Number of protein chains: 2
Amino acid sequence: MIRFDYNYFMEEAIGPEHGITVGELDGLRTLASEALNRMAREKAEGRLGFLEIPYDDTVVRSIEKFRKSAADRFSSLAVIGIGGSALGAQALRNALSHLYLNELDERKRKKRLKVYFFDNVDPFEILAATDVMDVRETLFLVISKSGGTTETNANFAILLSMLKKKVGKHYREQVVAITDPEKGVLRKIADDEGFATFPVPQNVGGRFSVLSAVGLVPAAFMGIDIGGLLSGARTATERYYGMDLFRNAPLLCAAFHYLFDRARGKRINVLMPYTRKLFLFADWYRQLWAESLGKNRDIEGRPVVSGLTPMPALGTIDQHSQLQLYLEGPNDKVITFLKLNEFGCDVEIPDFYPGIPEVDYISRKSLRGLNRFEESATEMVLREAHRPSAAIILPRLDAEIIGELILFLEMQTAYAGYLYGINPYDQPAVEQGKQFTFGLLDRPGFERFREEFERGSSKRDDYIL
Amino acid sequence: MIRFDYNYFMEEAIGPEHGITVGELDGLRTLASEALNRMAREKAEGRLGFLEIPYDDTVVRSIEKFRKSAADRFSSLAVIGIGGSALGAQALRNALSHLYLNELDERKRKKRLKVYFFDNVDPFEILAATDVMDVRETLFLVISKSGGTTETNANFAILLSMLKKKVGKHYREQVVAITDPEKGVLRKIADDEGFATFPVPQNVGGRFSVLSAVGLVPAAFMGIDIGGLLSGARTATERYYGMDLFRNAPLLCAAFHYLFDRARGKRINVLMPYTRKLFLFADWYRQLWAESLGKNRDIEGRPVVSGLTPMPALGTIDQHSQLQLYLEGPNDKVITFLKLNEFGCDVEIPDFYPGIPEVDYISRKSLRGLNRFEESATEMVLREAHRPSAAIILPRLDAEIIGELILFLEMQTAYAGYLYGINPYDQPAVEQGKQFTFGLLDRPGFERFREEFERGSSKRDDYIL
C-alpha cells in the first residue's frame with residue numbers, strides 16, 4: 001500500500017522557521033474533523049461520485065466486452081477531449097503502458113492500440129497527427145460530459161469529416177461517445193447517430209473522472225488492467241474515508257499544505273517523481289490541485305484567498321534545471337517526492353573506461369541504484385537547506401497502486417478544499433473566457449461579449465516594442 | 001522581428017495595485033544602465049560566449065559537412081545528455097521538426113533521423129527506447145561539456161556496450177562527442193577512441209549552449225536550418241545589445257519581472273504559448289530562468305533573496321487546467337504569452353451538425369481562428385481580473401525567428417540576473433547533491449559525504465503513515 005513519509009516536513013528536520021510542529025498539526029484537529037464531516041455529508045447527499053465509481057464493476061465489464069469486440073478492427077485510438085477528459089488517460093498511458101507505445105511494431109504492441117490525443121485546438125497538431133494516423137483503422141473516442149466543449153467539438157468535427165471521406169456510411173462503427181448518461185448535446189448526437197456510448201456519471205466532475213469511462217475506456221485499449229485500477233481505488237477509499245487526521249495520509253498531506261501556506265507563506269507545491277513513468281501523473285494532478293483550490297469565495301460566498309500553485313518536476317532531470325532554485329531561491333516551495341520503491345526492472349552499467357577514475361566509479365553499478373541515490377541526495381540537500389519535502393511512496397508500479405494513488409490525490413484535494421472552506425468541485429472563473437470566445441465566434445446570444453471584448457481590448461502602440 | 005507587448009503589465013490596464021507605472025520603470029533607469037554596463041564589461045572580458053556563438057559560421061559548415069557524410073548511414077539519432085545538453089535540442093525538435101517525427105514513414109521523414117533522448121537515469125526509459133530504436137542504424141551523440149556528468153556517462157556506458165555487441169569494432173564510426181575543445185575527460189576519451197567531435201566553447205554555460213554544437217548538431221540531423229538559427233540570433237544580439245531600457249525588449253521584460261517581484265510580491269512567472277510547437281521552449285526557458293536567477297548571494301557574496309519560479313503553460317489546454325487558479329487564486333503570477341502571429345497552416349472546421357445550435361456555431365470557422373480567439377479571451381479575462389500579462393510576439397515559426405527568440409530569452413535572463421546583482425551563469429547549490437551521490441556510489445575521495453549522508457538521514461518511523 002501507499003505510504004506517506006513526512007519526516008522532512010517537520011521542524012525536527014528543517015527547523016521551526018520552516019518546519020511544522022506537532023502542536024500546529026494538533027491545532028488543526030477541529031478543522032480536520034469538520035472536513036471529514038463535510039465529506040460524509042456531501043457523500044450522503046450523493047454529490048461525491050469520485051468516491052462511488054471505484055465500486056462500479058459493471059462499467060469494467062461493459063468496457064472489456066466492447067474492447068474485445070472492437071480491438072481487432074483497429075490499430076489506433078484517437079482520444080478527443082480536453083482537460084479532465086484527456087489528462088487522466090495520458091497519465092495512465094505513460095504509467096502503465098509502454099513509453100514508446102506508438103513506435104512498437106505490431107508484434108511487440110500485441111493487441112494494444114496506438115494512441116493519439118486531440119486535446120488542443122492547434123492546426124499544427126492535428127495536421128501532424130493525421131500525417132501518421134491511419135483514419136481507416138482508428139477508433140475515435142469523443143469525450144465531453146456536456147457535449148458543449150468548443151475545443152473538443154472543433155477537433156471532432158474535423159476528424160469526423162475525414163473519417164466520413166475515408167469510410168463512407170460505416171463511420172458510425174468507428175465512433176464512441178463518452179458523455180452524460182441522459183443530458184447534453186453529445187448524448188443527443190450519439191443517440192441520433194447510433195454511436196456506441198459510455199456514461200460519465202452526473203456527480204463526477206471532469207478532473208475527478210479518470211476512473212470513470214473517461215479514463216477507463218482509453219486505458220482498456222492500451223492494455224491496462226482497468227479492474228485493477230478500481231480495486232486499488234477501493235483500497236484507498238476504505239483506508240482514508242472518515243479516518244482521523246493522524247491516520248489519514250491524504251488529509252494530513254492537505255493539512256501540511258494548508259499550514260505551509262497560512263503559517264509559512266509557502267504556496268508553490270512541487271510534485272516530483274523520479275521516473276518518467278509517473279511524470280504525467282504530476283501533470284494530471286496539476287489540473288486537479290490548481291482548478292480545485294484556486295477560488296476567491298468560500299462556500300458562504302465570503303471573499304477568501306485560496307490557491308496553491310502546483311508544479312510538476314522530474315528527477316533526475318530537474319536536478320539539472322530546478323534544484324538550484326529550490327535550494328537557494330526564496331524558501332516558498334513545498335516539495336513532495338512521488339517515490340517508486342520497486343521499479344521491477346533495472347540495467348547494470350557495464351565497465352566504463354576502467355583506469356579513468358573520473359568516470360570508472362559508475363562501472364558495474366545499477367542504473368536503478370543510481371536513480372535512488374540521486375533521489376536520496378536531493379532529499380538530503382533540501383533538508384540541509386531547510387526546504388520542506390515529503391514523500392508519497394508507491395511500493396510498485398501496477399494498476400492497483402495507480403488506482404490507489406489516484407484516489408489518494410483526489411481525496412487530498414477534496415480535503416484541502418474543505419480546510420480552506422471553499423468548493424473544490426467547481427470552476428466558476430473559466431466561464432467568462434468561454435463567453436468571450438463564443439462572442440468572438442459570433443455564436444448567437446453572445447453578441448454582448450464581443451462588444452464588451454471590443455470595448456476593453458484597446459492597446460497603446462507605444463507599449464509594444 | 002519579435003515584438004514585446006506590455007500593455008497589460010501596466011497600471012492603465014490592470015490598476016495601480018497590481019500594474020506597473022511608467023514612473024516605476026523610470027526609477028529603474030540607473031539599475032538598467034548598470035546592467036548594460038556589466039554586460040559590456042563581461043563581454044569585453046570574453047566571458048559571454050552566448051553572445052559570440054551566433055557569429056561562428058564555421059561550426060555550421062563543419063556540422064553540415066558532417067551531416068552530409070553521415071546522414072545516409074543512419075535512421076536514428078540518440079542524444080545522450082542532461083539539462084542544458086538536452087532541453088535545447090528537445091525544444092528545437094518540437095518547434096522546427098515534425099511533431100510526430102519518429103512515427104513518420106521513411107518517405108515522409110525524408111533524410112531526417114528519428115530522435116531518441118537519453119537524459120534521465122531511468123531503467124524504464126532506456127529499456128523502452130531500446131525496444132524501438134535500432135542500435136545498428138543509430139548515430140550516438142554524447143553531450144557533456146566536462147565529461148563528468150554522472151547521468152550522461154551512465155546512459156552512454158549502457159548504450160555504448162549495446163552498440164559494441166551489435167557492430168563490433170566499427171562502433172567508433174557511430175559515436176560523436178560534443179564537449180570542451182581541449183579539457184575534460186570526455187575530450188580525452190573521444191581523442192583516445194577516435195570519435196568525431198564538436199566543441200562546446202569554454203565560455204558558454206550549459207543552459208546558454210543551445211546555439212553551439214550542443215543544439216546545432218542534433219538540429220541538423222532533424223532537418224533544421226541551423227544557419228537560420230544563428231542568423232536570427234544575430235538579429236537579436238544586434239537589436240538588443242547595449243540598447244536603452246525603453247528600446248530593449250529583453251531588458252524591459254527583465255525589469256518588469258524585477259518590479260513585479262520586489263514591488264508587488266509576484267514571483268511566479270508563467271510562459272504560455274498557444275501551440276504545442278512552442279511548448280518545449282517554455283520548458284527550456286524553465287531551466288534557464290530558474291537556475292540562472294535562483295541565488296542566495298550577490299556577486300559581492302552578500303546574502304540576497306533572488307529567484308523567480310518559471311512555470312510553462314500551454315493554451316488552450318491550460319484554460320481547462322490552470323486558468324481558474326490564475327484568475328481567482330492569489331494574485332502572485334506574471335503571465336507572458338508566447339504568441340505566434342502566422343501559423344502558416346490552418347484547418348477549416350466543416351459543417352458540424354447544422355440545426356443543433358449548441359454546436360453548429362463552430363461550423364465553417366477556422367481552427368487557427370478559434371485558437372486566436374481563445375488566446376485573446378484569456379488575455380482579456382486576465383486583464384479584467386487585474387492579473388498582469390504581456391506577450392512576446394513571434395511573426396512566424398521558422399529557424400530565424402526561433403534563433404531570435406533564444407537570444408531574446410537568454411539576454412532577458414542575463415539582464416534579470418544583473419538587476420538582482422547576482423551571477424546568472426553559475427549553479428553553486430547543485431554541487432553538494434552531486435557529492436552525496438558520489439559518496440553513495442563509493443566514488444573514491446567522497447567517503448565523507450556518505451558518512452555525512454548516513455548521519456543526517458535518520459527518520460522517525462511514526463512520521464511515516
# chains A, B, ... in the order shown; residues from 1 in each chain; ligands from 1
$ select_by_dssp --residues "range 281-457 of chain B" --states "strand (DSSP E)" --output "count of residues only"
25
$ residues_around --residues "Leu211 in chain B" --least-positions-apart "3" --cutoff "8 Å" --atoms "only C-alpha atoms" --output "PyMOL selection string"
chain B and resi 50+53-54+208+214-216+229-230+403
$ select_by_dssp --residues "range 84-295 of chain A" --states "alpha helix (DSSP H)" --output "MDAnalysis selection string"
chainID A and resid 87:96 106:109 123:132 150:167 185:193 213:221 226:240 249:264 279:293
$ closest_residue --among "B:Arg264, B:Arg172, B:Lys183, B:Arg3" --to "chain A" --atoms "only C-alpha atoms"
B:Arg3
$ residues_around --residues "Tyr418 in chain A" --least-positions-apart "4" --cutoff "9 Å" --atoms "only C-alpha atoms" --output "list in words"
Leu31, Ala32, Glu34, Ala35, Leu36, Arg38, Met39, Thr413, Ala414, Ile422, Asn423 and Pro424 of chain A
$ write_last_selection --atoms "N, CA and C atoms" --output "short mmCIF file (atom, residue, chain, number, x, y, z; two decimals), in the first residue's frame"
data_model
loop_
_atom_site.label_atom_id
_atom_site.label_comp_id
_atom_site.auth_asym_id
_atom_site.auth_seq_id
_atom_site.Cartn_x
_atom_site.Cartn_y
_atom_site.Cartn_z
N LEU A 31 -10.56 21.61 12.63
CA LEU A 31 -10.80 21.88 11.21
C LEU A 31 -10.80 20.58 10.41
N ALA A 32 -9.89 19.67 10.78
CA ALA A 32 -9.82 18.39 10.07
C ALA A 32 -11.08 17.56 10.30
N GLU A 34 -14.00 18.76 10.91
CA GLU A 34 -15.06 19.37 10.10
C GLU A 34 -14.94 18.96 8.63
N ALA A 35 -13.71 18.82 8.16
CA ALA A 35 -13.51 18.39 6.77
C ALA A 35 -14.06 16.98 6.57
N LEU A 36 -13.78 16.11 7.55
CA LEU A 36 -14.30 14.74 7.45
C LEU A 36 -15.83 14.74 7.47
N ARG A 38 -17.77 17.16 6.52
CA ARG A 38 -18.30 17.72 5.27
C ARG A 38 -18.25 16.67 4.17
N MET A 39 -17.16 15.90 4.13
CA MET A 39 -17.08 14.85 3.11
C MET A 39 -18.21 13.83 3.32
N THR A 413 -7.05 16.44 -2.37
CA THR A 413 -7.53 17.69 -2.96
C THR A 413 -8.87 18.11 -2.34
N ALA A 414 -9.76 17.15 -2.21
CA ALA A 414 -11.05 17.45 -1.60
C ALA A 414 -10.86 17.94 -0.16
N ILE A 422 -13.63 26.20 0.86
CA ILE A 422 -14.11 26.55 -0.48
C ILE A 422 -14.75 25.31 -1.13
N ASN A 423 -15.31 25.51 -2.30
CA ASN A 423 -15.87 24.41 -3.07
C ASN A 423 -14.81 23.87 -4.03
N PRO A 424 -14.29 22.68 -3.78
CA PRO A 424 -13.23 22.18 -4.66
C PRO A 424 -13.74 21.59 -5.97
#
$ residues_around --residues "Ser292 in chain B" --least-positions-apart "3" --cutoff "12 Å" --atoms "only C-alpha atoms" --output "short mmCIF file (atom, residue, chain, number, x, y, z; two decimals) with C-alpha atoms, in the first residue's frame"
data_model
loop_
_atom_site.label_atom_id
_atom_site.label_comp_id
_atom_site.auth_asym_id
_atom_site.auth_seq_id
_atom_site.Cartn_x
_atom_site.Cartn_y
_atom_site.Cartn_z
CA HIS A 320 19.98 20.00 -13.63
CA SER A 321 17.21 22.55 -14.08
CA GLN A 322 15.18 23.45 -10.98
CA LEU A 323 17.22 22.27 -7.98
CA GLN A 324 19.40 25.38 -7.85
CA LEU A 325 16.22 27.47 -7.47
CA GLU A 328 19.00 28.87 -2.99
CA GLY A 329 15.90 30.72 -4.23
CA GLY B 84 21.34 22.15 -20.88
CA GLY B 205 27.49 27.55 -19.94
CA GLY B 206 25.27 24.52 -20.39
CA ARG B 207 21.93 26.33 -20.25
CA PHE B 208 23.19 29.00 -22.68
CA TYR B 285 13.33 28.53 -20.56
CA ARG B 286 12.26 26.96 -17.27
CA GLN B 287 15.84 25.77 -16.72
CA LEU B 288 17.36 29.00 -17.99
CA TRP B 289 15.30 31.22 -15.72
CA LYS B 295 20.72 32.52 -5.91
CA ASN B 296 21.18 33.48 -2.27
CA SER B 306 16.70 36.11 -5.65
CA GLY B 307 14.72 33.58 -7.61
CA LEU B 308 11.67 33.71 -9.82
CA THR B 309 9.77 30.48 -10.36
CA PRO B 310 9.14 29.74 -14.04
CA LEU B 409 15.26 34.92 -23.65
CA GLU B 410 18.96 34.43 -22.90
CA MET B 411 19.55 38.18 -22.84
CA GLN B 412 16.44 38.70 -20.73
CA THR B 413 17.79 36.16 -18.24
CA ALA B 414 21.23 37.73 -18.13
CA TYR B 415 19.75 41.22 -17.67
CA ALA B 416 17.49 39.96 -14.88
CA GLY B 417 20.49 38.47 -13.10
CA TYR B 418 22.27 41.82 -13.37
CA TYR B 420 19.31 41.36 -8.95
CA GLY B 421 23.07 41.80 -8.67
CA ILE B 422 23.73 38.06 -8.79
CA ASN B 423 25.75 35.81 -11.08
CA PRO B 424 23.33 34.32 -13.61
CA TYR B 425 25.90 31.91 -15.03
CA ASP B 426 26.75 29.59 -12.13
CA GLN B 427 24.84 26.94 -10.15
CA PRO B 428 26.73 26.50 -6.88
CA ALA B 429 23.97 24.73 -4.96
#
$ residues_around --residues "Gln432 in chain A" --least-positions-apart "6" --cutoff "10 Å" --atoms "only C-alpha atoms" --output "number ranges by chain"
A: 438, 449; B: 377-378, 380-381
$ write_last_selection --atoms "N, CA and C atoms" --output "PDB file, in the first residue's frame"
ATOM      1  N   PHE A 438     -17.141  32.632 -27.325  1.00  0.00           N
ATOM      2  CA  PHE A 438     -18.408  32.493 -28.056  1.00  0.00           C
ATOM      3  C   PHE A 438     -18.738  33.795 -28.791  1.00  0.00           C
ATOM      4  N   PHE A 449     -20.850  39.922 -25.506  1.00  0.00           N
ATOM      5  CA  PHE A 449     -19.476  39.642 -25.074  1.00  0.00           C
ATOM      6  C   PHE A 449     -18.475  40.099 -26.131  1.00  0.00           C
TER       7      PHE A 449
ATOM      8  N   ALA B 377      -9.302  35.894 -25.598  1.00  0.00           N
ATOM      9  CA  ALA B 377     -10.260  35.864 -24.493  1.00  0.00           C
ATOM     10  C   ALA B 377      -9.537  35.662 -23.166  1.00  0.00           C
ATOM     11  N   THR B 378      -8.521  34.815 -23.163  1.00  0.00           N
ATOM     12  CA  THR B 378      -7.762  34.586 -21.930  1.00  0.00           C
ATOM     13  C   THR B 378      -7.049  35.860 -21.498  1.00  0.00           C
ATOM     14  N   MET B 380      -7.947  38.813 -22.112  1.00  0.00           N
ATOM     15  CA  MET B 380      -8.958  39.764 -21.646  1.00  0.00           C
ATOM     16  C   MET B 380      -9.453  39.427 -20.236  1.00  0.00           C
ATOM     17  N   VAL B 381      -9.725  38.165 -19.972  1.00  0.00           N
ATOM     18  CA  VAL B 381     -10.222  37.842 -18.624  1.00  0.00           C
ATOM     19  C   VAL B 381      -9.133  38.038 -17.576  1.00  0.00           C
TER      20      VAL B 381
END
$ residues_around --residues "Ile14 in chain A" --least-positions-apart "2" --cutoff "7 Å" --atoms "only C-alpha atoms" --output "JSON, numbers by chain"
{"A": [8, 10, 11, 12, 16, 18, 19, 383, 386, 387, 388]}
$ residues_around --residues "range 346-357 of chain B" --least-positions-apart "4" --cutoff "9 Å" --atoms "only C-alpha atoms" --output "JSON, numbers by chain"
{"A": [122, 123, 124, 126, 127, 153, 154, 155, 156, 157, 158, 161, 185, 189, 443, 444], "B": [361, 362, 363, 364, 365, 366, 367, 368, 369]}
